[in-house]
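Printed here is data_29.tsv (TSV, C-alpha atoms):
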chain	number	residue	atom	x	y	z
A	1	MET	CA	-14.73	-9.61	-7.99
A	2	PHE	CA	-12.40	-8.87	-10.87
A	3	LEU	CA	-12.73	-5.10	-10.97
A	4	LYS	CA	-9.74	-3.06	-9.85
A	5	LYS	CA	-10.20	-1.90	-6.28
A	6	PHE	CA	-9.08	1.33	-4.67
A	7	GLY	CA	-9.10	2.05	-0.93
A	8	LYS	CA	-8.34	4.89	1.48
A	9	ILE	CA	-5.18	4.80	3.58
A	10	ALA	CA	-5.94	4.52	7.29
A	11	VAL	CA	-4.75	7.27	9.61
A	12	THR	CA	-2.64	4.79	11.56
A	13	ILE	CA	-0.74	3.63	8.48
A	14	ALA	CA	-0.24	7.22	7.36
A	15	LEU	CA	1.21	8.25	10.68
A	16	ALA	CA	3.33	5.14	11.15
A	17	GLY	CA	4.66	4.87	7.62
A	18	SER	CA	8.33	4.64	6.81
A	19	LEU	CA	8.96	8.11	5.42
A	20	VAL	CA	11.42	8.85	8.21
A	21	ALA	CA	13.90	11.66	7.80
A	22	CYS	CA	17.54	10.67	7.53
A	23	SER	CA	19.58	12.12	10.33
A	24	GLY	CA	22.94	12.36	8.56
A	25	ALA	CA	26.01	10.17	8.69
A	26	ASN	CA	25.98	7.17	10.96
A	27	LYS	CA	28.51	4.37	11.24
A	28	ASP	CA	25.68	1.93	11.79
A	29	ALA	CA	24.03	2.66	8.44
A	30	ALA	CA	21.22	0.71	6.78
A	31	ALA	CA	21.79	2.33	3.38
A	32	LYS	CA	23.32	5.29	1.57
A	33	VAL	CA	21.46	7.55	-0.85
A	34	GLY	CA	23.25	10.31	-2.76
A	35	GLY	CA	25.98	10.36	-0.15
A	36	VAL	CA	23.53	10.54	2.78
A	37	GLU	CA	23.50	7.58	5.16
A	38	ILE	CA	20.25	6.16	6.54
A	39	PRO	CA	20.84	5.06	10.15
A	40	MET	CA	19.87	1.57	11.27
A	41	ALA	CA	17.62	3.28	13.84
A	42	ASP	CA	15.39	4.54	11.01
A	43	PHE	CA	15.23	1.06	9.49
A	44	TYR	CA	14.38	-0.51	12.85
A	45	LYS	CA	11.52	1.96	13.36
A	46	SER	CA	10.12	1.45	9.88
A	47	TYR	CA	10.36	-2.34	10.06
A	48	ALA	CA	9.08	-2.59	13.65
A	49	ALA	CA	6.03	-0.41	12.91
A	50	ARG	CA	5.08	-2.64	9.96
A	51	VAL	CA	5.57	-5.87	11.89
A	52	ASN	CA	3.76	-4.70	15.01
A	53	GLN	CA	0.76	-3.31	13.15
A	54	LEU	CA	0.37	-6.43	11.01
A	55	THR	CA	0.77	-8.92	13.87
A	56	SER	CA	-1.66	-6.97	16.04
A	57	MET	CA	-4.34	-7.65	13.42
A	58	TYR	CA	-3.44	-11.16	12.23
A	59	GLY	CA	-1.14	-12.66	14.85
A	60	GLU	CA	2.53	-13.68	14.78
A	61	ASP	CA	1.98	-16.51	12.29
A	62	VAL	CA	1.24	-14.03	9.50
A	63	LEU	CA	4.97	-13.28	9.28
A	64	LYS	CA	5.65	-16.84	8.14
A	65	ASN	CA	3.20	-16.69	5.23
A	66	LYS	CA	4.73	-16.93	1.76
A	67	GLU	CA	2.46	-14.92	-0.52
A	68	ASP	CA	4.62	-15.35	-3.63
A	69	GLY	CA	5.68	-18.86	-2.69
A	70	LYS	CA	9.27	-17.75	-2.18
A	71	LYS	CA	9.54	-14.98	0.38
A	72	SER	CA	7.88	-14.83	3.79
A	73	THR	CA	5.75	-11.86	4.77
A	74	ASP	CA	8.48	-10.96	7.27
A	75	GLU	CA	11.10	-10.76	4.52
A	76	LEU	CA	8.80	-8.71	2.31
A	77	LEU	CA	8.25	-6.26	5.19
A	78	ARG	CA	12.02	-5.84	5.55
A	79	GLU	CA	12.31	-5.18	1.81
A	80	GLN	CA	9.45	-2.67	1.89
A	81	ALA	CA	10.93	-0.84	4.87
A	82	ILE	CA	14.36	-0.26	3.31
A	83	THR	CA	12.97	0.39	-0.19
A	84	ASP	CA	10.58	3.06	1.12
A	85	LEU	CA	13.33	4.69	3.16
A	86	THR	CA	15.81	4.87	0.27
A	87	THR	CA	13.21	5.96	-2.29
A	88	THR	CA	11.92	8.68	0.02
A	89	GLU	CA	15.42	10.01	0.64
A	90	ALA	CA	16.15	10.08	-3.12
A	91	LEU	CA	12.92	12.02	-3.74
A	92	LYS	CA	13.69	14.44	-0.89
A	93	GLN	CA	17.06	15.21	-2.40
A	94	ASP	CA	15.51	15.83	-5.82
A	95	ALA	CA	12.80	17.95	-4.21
A	96	GLU	CA	15.50	20.13	-2.65
A	97	LYS	CA	17.09	20.62	-6.09
A	98	SER	CA	13.67	21.64	-7.42
A	99	LYS	CA	13.15	24.00	-4.44
A	100	ILE	CA	10.05	22.09	-3.31
A	101	THR	CA	9.59	22.45	0.46
A	102	VAL	CA	7.07	21.94	3.25
A	103	SER	CA	7.03	24.36	6.19
A	104	ASP	CA	6.50	23.49	9.85
A	105	GLU	CA	3.33	25.58	9.72
A	106	GLU	CA	1.93	23.34	6.98
A	107	VAL	CA	2.77	20.24	9.02
A	108	ASN	CA	1.15	21.64	12.17
A	109	LYS	CA	-1.99	22.52	10.23
A	110	LYS	CA	-2.21	18.96	8.90
A	111	LEU	CA	-1.66	17.50	12.36
A	112	ASP	CA	-4.39	19.79	13.73
A	113	GLU	CA	-6.76	18.40	11.09
A	114	ILE	CA	-5.96	14.85	12.19
A	115	LYS	CA	-6.43	15.80	15.83
A	116	ALA	CA	-9.86	17.24	14.95
A	117	GLN	CA	-10.78	14.02	13.11
A	118	LEU	CA	-9.81	11.95	16.14
A	119	GLY	CA	-11.66	14.20	18.58
A	120	GLY	CA	-9.07	16.63	19.91
A	121	GLU	CA	-5.62	16.78	21.52
A	122	GLU	CA	-6.38	14.27	24.25
A	123	ALA	CA	-7.81	11.73	21.77
A	124	PHE	CA	-4.80	12.29	19.50
A	125	ASN	CA	-2.35	11.61	22.33
A	126	LYS	CA	-4.30	8.51	23.31
A	127	PHE	CA	-4.22	7.34	19.70
A	128	LEU	CA	-0.43	7.74	19.54
A	129	LYS	CA	0.02	5.91	22.84
A	130	GLU	CA	-2.20	3.03	21.73
A	131	ASN	CA	-0.21	2.75	18.50
A	132	GLY	CA	3.23	3.05	20.06
A	133	LEU	CA	4.14	6.23	18.15
A	134	PRO	CA	6.15	9.14	19.63
A	135	LYS	CA	4.90	12.64	18.77
A	136	GLU	CA	8.24	13.68	17.28
A	137	TYR	CA	8.28	10.68	14.97
A	138	VAL	CA	4.74	11.37	13.77
A	139	ALA	CA	5.50	15.06	13.05
A	140	GLU	CA	8.69	14.18	11.19
A	141	ASN	CA	6.96	11.43	9.28
A	142	MET	CA	4.07	13.70	8.35
A	143	LYS	CA	6.46	16.33	7.02
A	144	ASN	CA	8.11	13.79	4.75
A	145	GLN	CA	4.77	12.46	3.51
A	146	MET	CA	3.60	15.96	2.71
A	147	LEU	CA	6.86	16.77	0.93
A	148	VAL	CA	6.66	13.64	-1.22
A	149	GLY	CA	3.01	14.44	-2.00
A	150	LYS	CA	3.82	18.02	-3.05
A	151	TYR	CA	6.82	16.79	-5.03
A	152	THR	CA	4.67	14.23	-6.85
A	153	GLN	CA	2.07	16.85	-7.78
A	154	GLU	CA	4.71	19.25	-9.10
A	155	LYS	CA	6.46	16.58	-11.18
A	156	LEU	CA	3.19	15.26	-12.60
A	157	LYS	CA	2.39	18.80	-13.81
A	158	GLU	CA	5.80	19.04	-15.46
A	159	LEU	CA	5.35	15.65	-17.12
A	160	GLU	CA	1.82	16.24	-18.45
A	161	PRO	CA	1.58	14.74	-21.97
A	162	THR	CA	0.64	16.92	-24.94
A	163	GLU	CA	-2.60	16.53	-26.90
A	164	GLU	CA	-0.53	15.12	-29.80
A	165	GLU	CA	1.03	12.45	-27.55
A	166	VAL	CA	-2.38	11.42	-26.23
A	167	LYS	CA	-3.87	11.25	-29.74
A	168	LYS	CA	-0.96	9.16	-31.02
A	169	GLN	CA	-1.31	6.71	-28.14
A	170	TYR	CA	-5.00	6.29	-29.01
A	171	GLU	CA	-4.41	5.81	-32.72
A	172	ASP	CA	-1.61	3.29	-32.13
A	173	ASN	CA	-3.66	1.26	-29.64
A	174	LYS	CA	-7.29	1.58	-30.68
A	175	ASP	CA	-8.04	-2.07	-29.92
A	176	SER	CA	-7.11	-1.49	-26.30
A	177	TYR	CA	-9.95	0.99	-25.72
A	178	TYR	CA	-13.34	-0.67	-25.78
A	179	LYS	CA	-16.70	-1.31	-24.17
A	180	ALA	CA	-17.44	-5.01	-23.91
A	181	LYS	CA	-19.86	-7.60	-22.63
A	182	ALA	CA	-18.51	-11.01	-21.63
A	183	SER	CA	-19.00	-14.12	-19.52
A	184	HIS	CA	-16.39	-16.29	-17.88
A	185	ILE	CA	-15.84	-19.53	-16.02
A	186	LEU	CA	-13.28	-19.46	-13.22
A	187	VAL	CA	-11.57	-22.62	-11.94
A	188	ASP	CA	-8.46	-23.44	-9.89
A	189	ASP	CA	-6.93	-26.02	-12.20
A	190	LEU	CA	-5.56	-25.56	-15.75
A	191	LYS	CA	-6.45	-29.12	-16.71
A	192	GLU	CA	-10.06	-28.56	-15.65
A	193	ALA	CA	-10.13	-25.29	-17.60
A	194	ASN	CA	-8.98	-27.06	-20.78
A	195	VAL	CA	-11.58	-29.82	-20.34
A	196	LEU	CA	-14.37	-27.26	-19.95
A	197	ARG	CA	-13.17	-25.29	-22.99
A	198	LYS	CA	-13.27	-28.43	-25.15
A	199	LYS	CA	-16.84	-29.11	-24.01
A	200	ILE	CA	-17.85	-25.55	-24.95
A	201	LEU	CA	-16.20	-25.83	-28.39
A	202	LYS	CA	-18.09	-29.09	-28.95
A	203	GLY	CA	-21.38	-27.26	-28.37
A	204	GLU	CA	-22.16	-27.61	-24.67
A	205	ASP	CA	-23.94	-24.63	-23.13
A	206	PHE	CA	-21.48	-22.06	-21.68
A	207	ALA	CA	-23.99	-20.69	-19.14
A	208	LYS	CA	-24.86	-24.18	-17.85
A	209	LEU	CA	-21.18	-25.10	-17.44
A	210	ALA	CA	-20.53	-21.78	-15.66
A	211	LYS	CA	-23.34	-22.40	-13.16
A	212	GLU	CA	-22.06	-25.91	-12.45
A	213	ASN	CA	-18.30	-25.27	-12.38
A	214	SER	CA	-17.29	-21.62	-11.90
A	215	LYS	CA	-15.91	-20.69	-8.48
A	216	ASP	CA	-16.89	-17.06	-9.09
A	217	THR	CA	-20.26	-17.54	-7.41
A	218	GLY	CA	-21.36	-13.99	-8.13
A	219	SER	CA	-21.30	-14.42	-11.90
A	220	ALA	CA	-21.91	-18.21	-11.93
A	221	GLN	CA	-25.54	-17.81	-10.89
A	222	ASN	CA	-25.99	-15.63	-14.01
A	223	GLY	CA	-24.38	-18.16	-16.32
A	224	GLY	CA	-20.95	-16.57	-15.92
A	225	SER	CA	-22.12	-13.14	-17.11
A	226	LEU	CA	-19.96	-10.18	-16.08
A	227	GLY	CA	-22.25	-7.65	-17.75
A	228	GLU	CA	-20.83	-4.61	-19.53
A	229	PHE	CA	-17.46	-3.08	-18.69
A	230	THR	CA	-14.87	-0.85	-20.30
A	231	SER	CA	-11.15	-1.26	-20.88
A	232	GLY	CA	-9.12	-0.70	-17.74
A	233	GLN	CA	-11.79	-1.97	-15.34
A	234	MET	CA	-10.68	-5.59	-15.20
A	235	VAL	CA	-7.36	-7.02	-13.99
A	236	GLU	CA	-4.60	-6.58	-16.56
A	237	ALA	CA	-4.42	-10.11	-18.01
A	238	PHE	CA	-8.21	-10.22	-18.43
A	239	ASP	CA	-8.22	-6.75	-19.99
A	240	LYS	CA	-5.53	-7.65	-22.54
A	241	GLU	CA	-7.28	-10.88	-23.52
A	242	ILE	CA	-10.55	-9.06	-24.24
A	243	ALA	CA	-8.61	-6.57	-26.40
A	244	LYS	CA	-7.39	-9.43	-28.63
A	245	MET	CA	-10.71	-11.28	-28.91
A	246	LYS	CA	-13.49	-11.03	-31.48
A	247	VAL	CA	-17.20	-11.29	-30.69
A	248	GLY	CA	-18.15	-14.95	-30.30
A	249	ASP	CA	-14.64	-16.09	-29.39
A	250	ILE	CA	-13.95	-18.52	-26.56
A	251	SER	CA	-10.56	-17.75	-25.07
A	252	GLU	CA	-7.80	-20.15	-24.19
A	253	PRO	CA	-7.55	-20.42	-20.39
A	254	ILE	CA	-5.85	-17.31	-19.02
A	255	THR	CA	-4.36	-17.04	-15.56
A	256	THR	CA	-4.79	-14.26	-13.00
A	257	GLN	CA	-4.35	-14.09	-9.24
A	258	PHE	CA	-7.86	-15.55	-8.97
A	259	GLY	CA	-7.27	-18.71	-11.00
A	260	TYR	CA	-7.90	-19.84	-14.60
A	261	HIS	CA	-10.52	-18.10	-16.73
A	262	ILE	CA	-12.32	-19.18	-19.88
A	263	ILE	CA	-13.86	-16.09	-21.46
A	264	LYS	CA	-16.74	-15.83	-23.90
A	265	LEU	CA	-16.88	-12.44	-25.63
A	266	GLU	CA	-20.47	-11.47	-26.39
A	267	ASP	CA	-20.07	-7.89	-27.58
A	268	LYS	CA	-17.30	-5.32	-28.08
A	269	LYS	CA	-17.33	-1.79	-29.43
A	270	PRO	CA	-14.42	0.65	-29.75
A	271	LEU	CA	-14.48	3.73	-27.53
A	272	GLU	CA	-14.17	7.10	-29.23
A	273	PHE	CA	-11.14	9.29	-28.48
A	274	ASP	CA	-13.11	11.82	-26.43
A	275	ALA	CA	-14.36	9.04	-24.16
A	276	VAL	CA	-10.87	7.82	-23.25
A	277	LYS	CA	-8.55	10.80	-23.71
A	278	ASP	CA	-8.46	11.58	-19.96
A	279	GLN	CA	-7.71	7.93	-19.20
A	280	ILE	CA	-4.90	7.87	-21.78
A	281	LYS	CA	-3.51	11.17	-20.52
A	282	ALA	CA	-3.36	9.83	-16.96
A	283	GLN	CA	-1.76	6.60	-18.17
A	284	LEU	CA	0.97	8.40	-20.13
A	285	GLN	CA	1.55	10.81	-17.25
A	286	GLN	CA	2.06	7.92	-14.81
A	287	GLU	CA	4.43	6.16	-17.21
A	288	LYS	CA	6.50	9.34	-17.60
A	289	PHE	CA	6.53	9.84	-13.83
A	290	LYS	CA	7.70	6.28	-13.23
A	291	GLU	CA	10.53	6.73	-15.76
A	292	TYR	CA	11.50	9.99	-14.06
A	293	ILE	CA	11.52	8.44	-10.57
A	294	ASP	CA	13.53	5.46	-11.81
A	295	LYS	CA	16.14	7.90	-13.14
A	296	VAL	CA	16.18	9.86	-9.86
A	297	LYS	CA	16.82	6.64	-7.93
A	298	LYS	CA	19.52	5.54	-10.38
A	299	ASP	CA	21.28	8.92	-10.19
A	300	ALA	CA	21.16	8.77	-6.37
A	301	LYS	CA	23.41	5.68	-6.51
A	302	ILE	CA	21.49	3.90	-3.75
A	303	LYS	CA	23.50	1.41	-1.71
A	304	ILE	CA	21.66	-0.94	0.64
A	305	TYR	CA	23.66	-2.49	3.49
A	306	VAL	CA	20.82	-4.34	5.21
A	307	ASN	CA	20.49	-7.99	4.19
A	308	THR	CA	16.70	-8.28	3.94
A	309	SER	CA	16.87	-12.04	3.31
A	310	LYS	CA	18.00	-12.57	6.90
A	311	GLU	CA	15.92	-12.19	10.06
A	312	VAL	CA	16.34	-8.91	11.92
A	313	GLN	CA	16.86	-8.91	15.67
A	314	LEU	CA	15.28	-5.68	16.83
A	315	PRO	CA	17.09	-3.89	19.68
A	316	GLU	CA	14.99	-3.75	22.85
A	317	GLU	CA	14.11	-0.04	22.43
A	318	TYR	CA	12.43	-0.67	19.06
A	319	LYS	CA	10.52	-3.90	19.79
A	320	ASN	CA	7.30	-2.09	20.71
A	321	PHE	CA	7.66	0.72	18.19
A	322	GLY	CA	4.35	1.15	16.37
A	323	LYS	CA	2.83	-1.68	18.42
A	324	VAL	CA	-0.94	-1.45	18.54
A	325	GLU	CA	-2.26	-1.75	22.06
A	326	LYS	CA	-5.34	-3.95	22.09
A	327	GLU	CA	-8.44	-2.72	23.87
A	328	GLY	CA	-8.02	-5.15	26.76
A	329	GLN	CA	-4.37	-4.20	27.14
A	330	ALA	CA	-5.24	-0.50	27.14
A	331	LYS	CA	-7.80	-1.00	29.90
A	332	GLU	CA	-5.35	-3.10	31.88
A	333	THR	CA	-2.65	-0.44	31.48
A	334	ASN	CA	-5.04	2.29	32.59
A	335	ALA	CA	-6.23	0.17	35.52
A	336	LYS	CA	-2.63	-0.42	36.63
A	337	ALA	CA	-1.90	3.30	36.32
A	338	GLU	CA	-4.97	4.16	38.41
A	339	ALA	CA	-4.05	1.49	40.98
A	340	GLY	CA	-0.54	2.92	41.10
A	341	LYS	CA	-1.90	6.39	41.78
A	342	LYS	CA	-4.17	5.10	44.55
A	343	ASN	CA	-1.30	3.17	46.14
A	344	ALA	CA	0.89	6.24	45.98
A	345	LYS	CA	-1.81	8.31	47.68
A	346	ALA	CA	-2.37	5.61	50.31
A	347	ASN	CA	1.35	5.39	51.01
A	348	ALA	CA	1.60	9.15	51.23
A	349	GLY	CA	-1.31	9.12	53.69
A	350	LYS	CA	0.42	6.53	55.87
A	351	GLU	CA	3.66	8.52	55.88
A	352	ASN	CA	1.76	11.66	56.90
A	353	ALA	CA	0.01	9.74	59.68
A	354	LYS	CA	3.35	8.45	60.97
A	355	ALA	CA	4.76	11.96	60.93
A	356	GLU	CA	1.76	13.24	62.91
A	357	ASN	CA	2.12	10.44	65.48
A	358	LYS	CA	5.77	11.33	65.98
A	359	LYS	CA	4.84	14.95	66.62
A	360	GLU	CA	2.21	13.96	69.19
A	361	THR	CA	4.65	11.58	70.94
A	362	LYS	CA	7.17	14.38	71.27
File written out as structure tokens:
Amino acid sequence: MFLKKFGKIAVTIALAGSLVACSGANKDAAAKVGGVEIPMADFYKSYAARVNQLTSMYGEDVLKNKEDGKKSTDELLREQAITDLTTTEALKQDAEKSKITVSDEEVNKKLDEIKAQLGGEEAFNKFLKENGLPKEYVAENMKNQMLVGKYTQEKLKELEPTEEEVKKQYEDNKDSYYKAKASHILVDDLKEANVLRKKILKGEDFAKLAKENSKDTGSAQNGGSLGEFTSGQMVEAFDKEIAKMKVGDISEPITTQFGYHIIKLEDKKPLEFDAVKDQIKAQLQQEKFKEYIDKVKKDAKIKIYVNTSKEVQLPEEYKNFGKVEKEGQAKETNAKAEAGKKNAKANAGKENAKAENKKETK
């Protein structure tokens, strides 16, 4: 439950993302990046695609949810849309300076791969129709995604840390690299966590209290045991707490997105340099990359004109952009189209019959 999770990006999200190309100056601008204006049209598309895909899965009410207790999902989608657009434009401009490009041939090859995955040209076109995505938008979006991907790879190579930097990071933070065995009790309330900790410190059995009180049912049935794990596998707050603890310690309650944890450290051994050097190298590389991107964005002098705290009234032409057509709706649409064709044929037949009657009358 508490291990870091990684997932694959769905084809739909990839094709309907917000990496839209900026089409030059526009009086109705959503933002400006390095002197290039991002039209409101691009913002509307990015925002509409996010809203329509989310509501198609979870309904309209999902937009009112306040995940962080302050901002609604709708407001967060507006922020994500404009942030992705401005960041992408800043990276594109830096990519141009670095002579990093993506050709139309590369884009077409990638689109052909997606078409093959979906079952061919006809299936691809059906997919786009069902997801409210124009072909031109998808091709343009794909080109930008590929460019950002190539740019990221090139910059990560440039920012690769030296062996000396990796070794220094290890030596300066040895306690942060470990293999451990621990148990925990997870509860929703801080007061309850403190009461349980006092009971444990007074000698009550940790495993028994975990079985009776922990809301992490997976580990509770094993007395709270999480088994063995290494640094970097748990959520950050949990990871850092283990790094500070000694074998036998009972932690103060720590908070994560899951609730309040009381941790019992049963075993901990330091990991040798060779076992973690690749992990450290990747960590340092990502930190350098983040610093580099932050500088690129700062140098681009990004100006955002859209007020993301206010509701956006989408113009009529963008309301269905990226809207997922449900199976029933698709069948209904196809049925209407077929009925329309039949009616057209029937009407044509009647007109021909009338014409023939006129000829005979003459």
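CA of Gln80 in chain A is found 25.2 Å from CA of Thr101 in chain A.
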Give one line per residue of range 130-195 of chain A that approaches range 46-51 of chain A to at most 12 Å, naming the two atoms of the closest pair and their distance in Å to one decimal, counting all atoms listed in the file; sort by chain then ascending residue number and deliver it as a tab-separated table.
residue	atom	partner	partner_atom	distance
A:Asn131	CA	A:Ala49	CA	9.0
A:Gly132	CA	A:Ala49	CA	8.4
A:Leu133	CA	A:Ala49	CA	8.7
A:Pro134	CA	A:Ala49	CA	11.7
A:Tyr137	CA	A:Ser46	CA	10.7
A:Val138	CA	A:Ala49	CA	11.9
A:Asn141	CA	A:Ser46	CA	10.5
**OP:** Please provide as a ChimeraX atom specification all residues within 9 Å of Tyr305 in chain A, with the sequence filter that same-chain residues fewer than 5 positions apart are discarded (counting all atoms listed in the file).
**Re:** /A:29-32
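Residue neighbourhood of Val247 in chain A, excluding near-sequence residues (fewer than 6 positions): A:Lys264, A:Leu265, A:Glu266, A:Asp267, A:Lys268, at 9 Å, using all atoms listed in the file.
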Original post:
Leaving out Ser56 in chain A and any residue of its chain fewer than 2 positions from it, which residues lie within 9 Å of it when counting all atoms listed in the file, given as a list in words?
Top reply: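 Selected residues are Val51, Asn52, Gln53, Leu54, Tyr58, Gly59, Glu60, Lys323, Val324, Glu325 and Lys326 of chain A.
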Subject >> Nearest residue to Asp188 in chain A from the set A:Lys168, A:His261, A:Asp175, A:Asn222 (distances using all atoms listed in the file) >> reply: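 Of the candidates, the smallest distance to Asp188 in chain A is held by A:His261.
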List every residue of range 126-168 of chain A that has an atom at most 12 Å from any atom of range 114-119 of chain A, giving for each one its closest atom pair and the distance in Å to one decimal, counting only C-alpha atoms, sorted by chain and then by ascending residue number, as JSON lines.
{"residue": "A:Lys126", "atom": "CA", "partner": "A:Leu118", "partner_atom": "CA", "distance": 9.7}
{"residue": "A:Phe127", "atom": "CA", "partner": "A:Leu118", "partner_atom": "CA", "distance": 8.1}
{"residue": "A:Leu128", "atom": "CA", "partner": "A:Lys115", "partner_atom": "CA", "distance": 10.7}
{"residue": "A:Val138", "atom": "CA", "partner": "A:Ile114", "partner_atom": "CA", "distance": 11.4}
{"residue": "A:Ala139", "atom": "CA", "partner": "A:Ile114", "partner_atom": "CA", "distance": 11.5}
{"residue": "A:Met142", "atom": "CA", "partner": "A:Ile114", "partner_atom": "CA", "distance": 10.8}
Original post:
So, counting all atoms listed in the file, which residue among A:Glu272, A:Asp299, A:Glu236, A:Asp172 is closest to Val33 in chain A?
Top reply: A:Asp299
Original post:
Could you state the separation of CA of Leu196 in chain A and CA of Gln257 in chain A in Å, given to one decimal place?
Top reply: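 These two atoms are separated by 19.7 Å.
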**OP:** Tell me, as a PyMOL selection string, which residues lie within 10 Å of Ser176 in chain A, counting only C-alpha atoms; anything in the same chain fewer than 6 positions away does not count.
**Re:** chain A and resi 170+230-232+239-244+270-271
Subject >> Proximity to Glu316 in chain A - best of A:Ala41, A:Leu111, A:Ala193, A:Leu159, all atoms listed in the file >> reply: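 Of all the options, A:Ala41 lies closest to Glu316 in chain A.
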**OP:** Record the distance separating CA of Gln153 in chain A and CA of Ile304 in chain A, expressed in Å with one decimal.
**Re:** 27.8 Å
Original post:
Which residue out of A:Gln145, A:Asn320, A:Asn213, A:Thr152 has the minimum interatomic distance to Asp94 in chain A when only C-alpha atoms are used?
Top reply: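 Closest residue, counting only C-alpha atoms: A:Thr152.
Between Arg78 in chain A and the candidates A:Gln93, A:Lys295, A:Ile280, A:Tyr44, the tightest atom-to-atom separation, counting only C-alpha atoms, involves A:Tyr44.
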**OP:** For Pro253 in chain A, list every protein, DNA or RNA residue within 9 Å, evaluated using all atoms listed in the file, and leave out those in the same chain fewer than 4 positions away; present the list as number ranges by chain.
**Re:** A: 190, 193-194, 197, 260-263
Subject >> Nearest candidate to Ile293 in chain A (options A:Val148, A:Leu77, A:Ile38, A:Val107; using only C-alpha atoms) >> reply: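 Nearest candidate to Ile293 in chain A out of A:Val148, A:Leu77, A:Ile38, A:Val107: A:Val148.
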Write range 217-234 of chain A as a PDB file, in the frame of the given file, completed to N, CA and C atoms.
ATOM      1  N   THR A 217     -18.838 -17.321  -7.676  1.00  0.00           N
ATOM      2  CA  THR A 217     -20.260 -17.540  -7.410  1.00  0.00           C
ATOM      3  C   THR A 217     -21.142 -16.365  -7.810  1.00  0.00           C
ATOM      4  N   GLY A 218     -20.585 -15.172  -7.761  1.00  0.00           N
ATOM      5  CA  GLY A 218     -21.360 -13.990  -8.130  1.00  0.00           C
ATOM      6  C   GLY A 218     -21.834 -14.009  -9.565  1.00  0.00           C
ATOM      7  N   SER A 219     -20.924 -14.367 -10.484  1.00  0.00           N
ATOM      8  CA  SER A 219     -21.300 -14.420 -11.900  1.00  0.00           C
ATOM      9  C   SER A 219     -21.860 -15.785 -12.298  1.00  0.00           C
ATOM     10  N   ALA A 220     -21.488 -16.840 -11.581  1.00  0.00           N
ATOM     11  CA  ALA A 220     -21.910 -18.210 -11.930  1.00  0.00           C
ATOM     12  C   ALA A 220     -23.428 -18.333 -11.950  1.00  0.00           C
ATOM     13  N   GLN A 221     -24.080 -17.701 -10.968  1.00  0.00           N
ATOM     14  CA  GLN A 221     -25.540 -17.810 -10.890  1.00  0.00           C
ATOM     15  C   GLN A 221     -26.226 -17.135 -12.083  1.00  0.00           C
ATOM     16  N   ASN A 222     -25.469 -16.279 -12.785  1.00  0.00           N
ATOM     17  CA  ASN A 222     -25.990 -15.630 -14.010  1.00  0.00           C
ATOM     18  C   ASN A 222     -25.373 -16.238 -15.265  1.00  0.00           C
ATOM     19  N   GLY A 223     -24.957 -17.481 -15.162  1.00  0.00           N
ATOM     20  CA  GLY A 223     -24.380 -18.160 -16.320  1.00  0.00           C
ATOM     21  C   GLY A 223     -22.987 -17.651 -16.670  1.00  0.00           C
ATOM     22  N   GLY A 224     -22.302 -17.067 -15.687  1.00  0.00           N
ATOM     23  CA  GLY A 224     -20.950 -16.570 -15.920  1.00  0.00           C
ATOM     24  C   GLY A 224     -20.905 -15.129 -16.401  1.00  0.00           C
ATOM     25  N   SER A 225     -22.065 -14.491 -16.556  1.00  0.00           N
ATOM     26  CA  SER A 225     -22.120 -13.140 -17.110  1.00  0.00           C
ATOM     27  C   SER A 225     -21.470 -12.098 -16.199  1.00  0.00           C
ATOM     28  N   LEU A 226     -20.618 -11.283 -16.801  1.00  0.00           N
ATOM     29  CA  LEU A 226     -19.960 -10.180 -16.080  1.00  0.00           C
ATOM     30  C   LEU A 226     -20.609  -8.839 -16.437  1.00  0.00           C
ATOM     31  N   GLY A 227     -21.588  -8.882 -17.333  1.00  0.00           N
ATOM     32  CA  GLY A 227     -22.250  -7.650 -17.750  1.00  0.00           C
ATOM     33  C   GLY A 227     -21.338  -6.812 -18.636  1.00  0.00           C
ATOM     34  N   GLU A 228     -21.638  -5.515 -18.716  1.00  0.00           N
ATOM     35  CA  GLU A 228     -20.830  -4.610 -19.530  1.00  0.00           C
ATOM     36  C   GLU A 228     -19.716  -3.975 -18.708  1.00  0.00           C
ATOM     37  N   PHE A 229     -18.596  -3.742 -19.337  1.00  0.00           N
ATOM     38  CA  PHE A 229     -17.460  -3.080 -18.690  1.00  0.00           C
ATOM     39  C   PHE A 229     -16.606  -2.434 -19.762  1.00  0.00           C
ATOM     40  N   THR A 230     -15.753  -1.525 -19.351  1.00  0.00           N
ATOM     41  CA  THR A 230     -14.870  -0.850 -20.300  1.00  0.00           C
ATOM     42  C   THR A 230     -13.418  -1.221 -20.032  1.00  0.00           C
ATOM     43  N   SER A 231     -12.577  -0.971 -21.018  1.00  0.00           N
ATOM     44  CA  SER A 231     -11.150  -1.260 -20.880  1.00  0.00           C
ATOM     45  C   SER A 231     -10.593  -0.559 -19.649  1.00  0.00           C
ATOM     46  N   GLY A 232      -9.730  -1.255 -18.925  1.00  0.00           N
ATOM     47  CA  GLY A 232      -9.120  -0.700 -17.740  1.00  0.00           C
ATOM     48  C   GLY A 232      -9.825  -1.054 -16.448  1.00  0.00           C
ATOM     49  N   GLN A 233     -11.048  -1.632 -16.550  1.00  0.00           N
ATOM     50  CA  GLN A 233     -11.790  -1.970 -15.340  1.00  0.00           C
ATOM     51  C   GLN A 233     -11.417  -3.336 -14.779  1.00  0.00           C
ATOM     52  N   MET A 234     -11.023  -4.247 -15.648  1.00  0.00           N
ATOM     53  CA  MET A 234     -10.680  -5.590 -15.200  1.00  0.00           C
ATOM     54  C   MET A 234      -9.185  -5.686 -14.891  1.00  0.00           C
TER      55      MET A 234
END
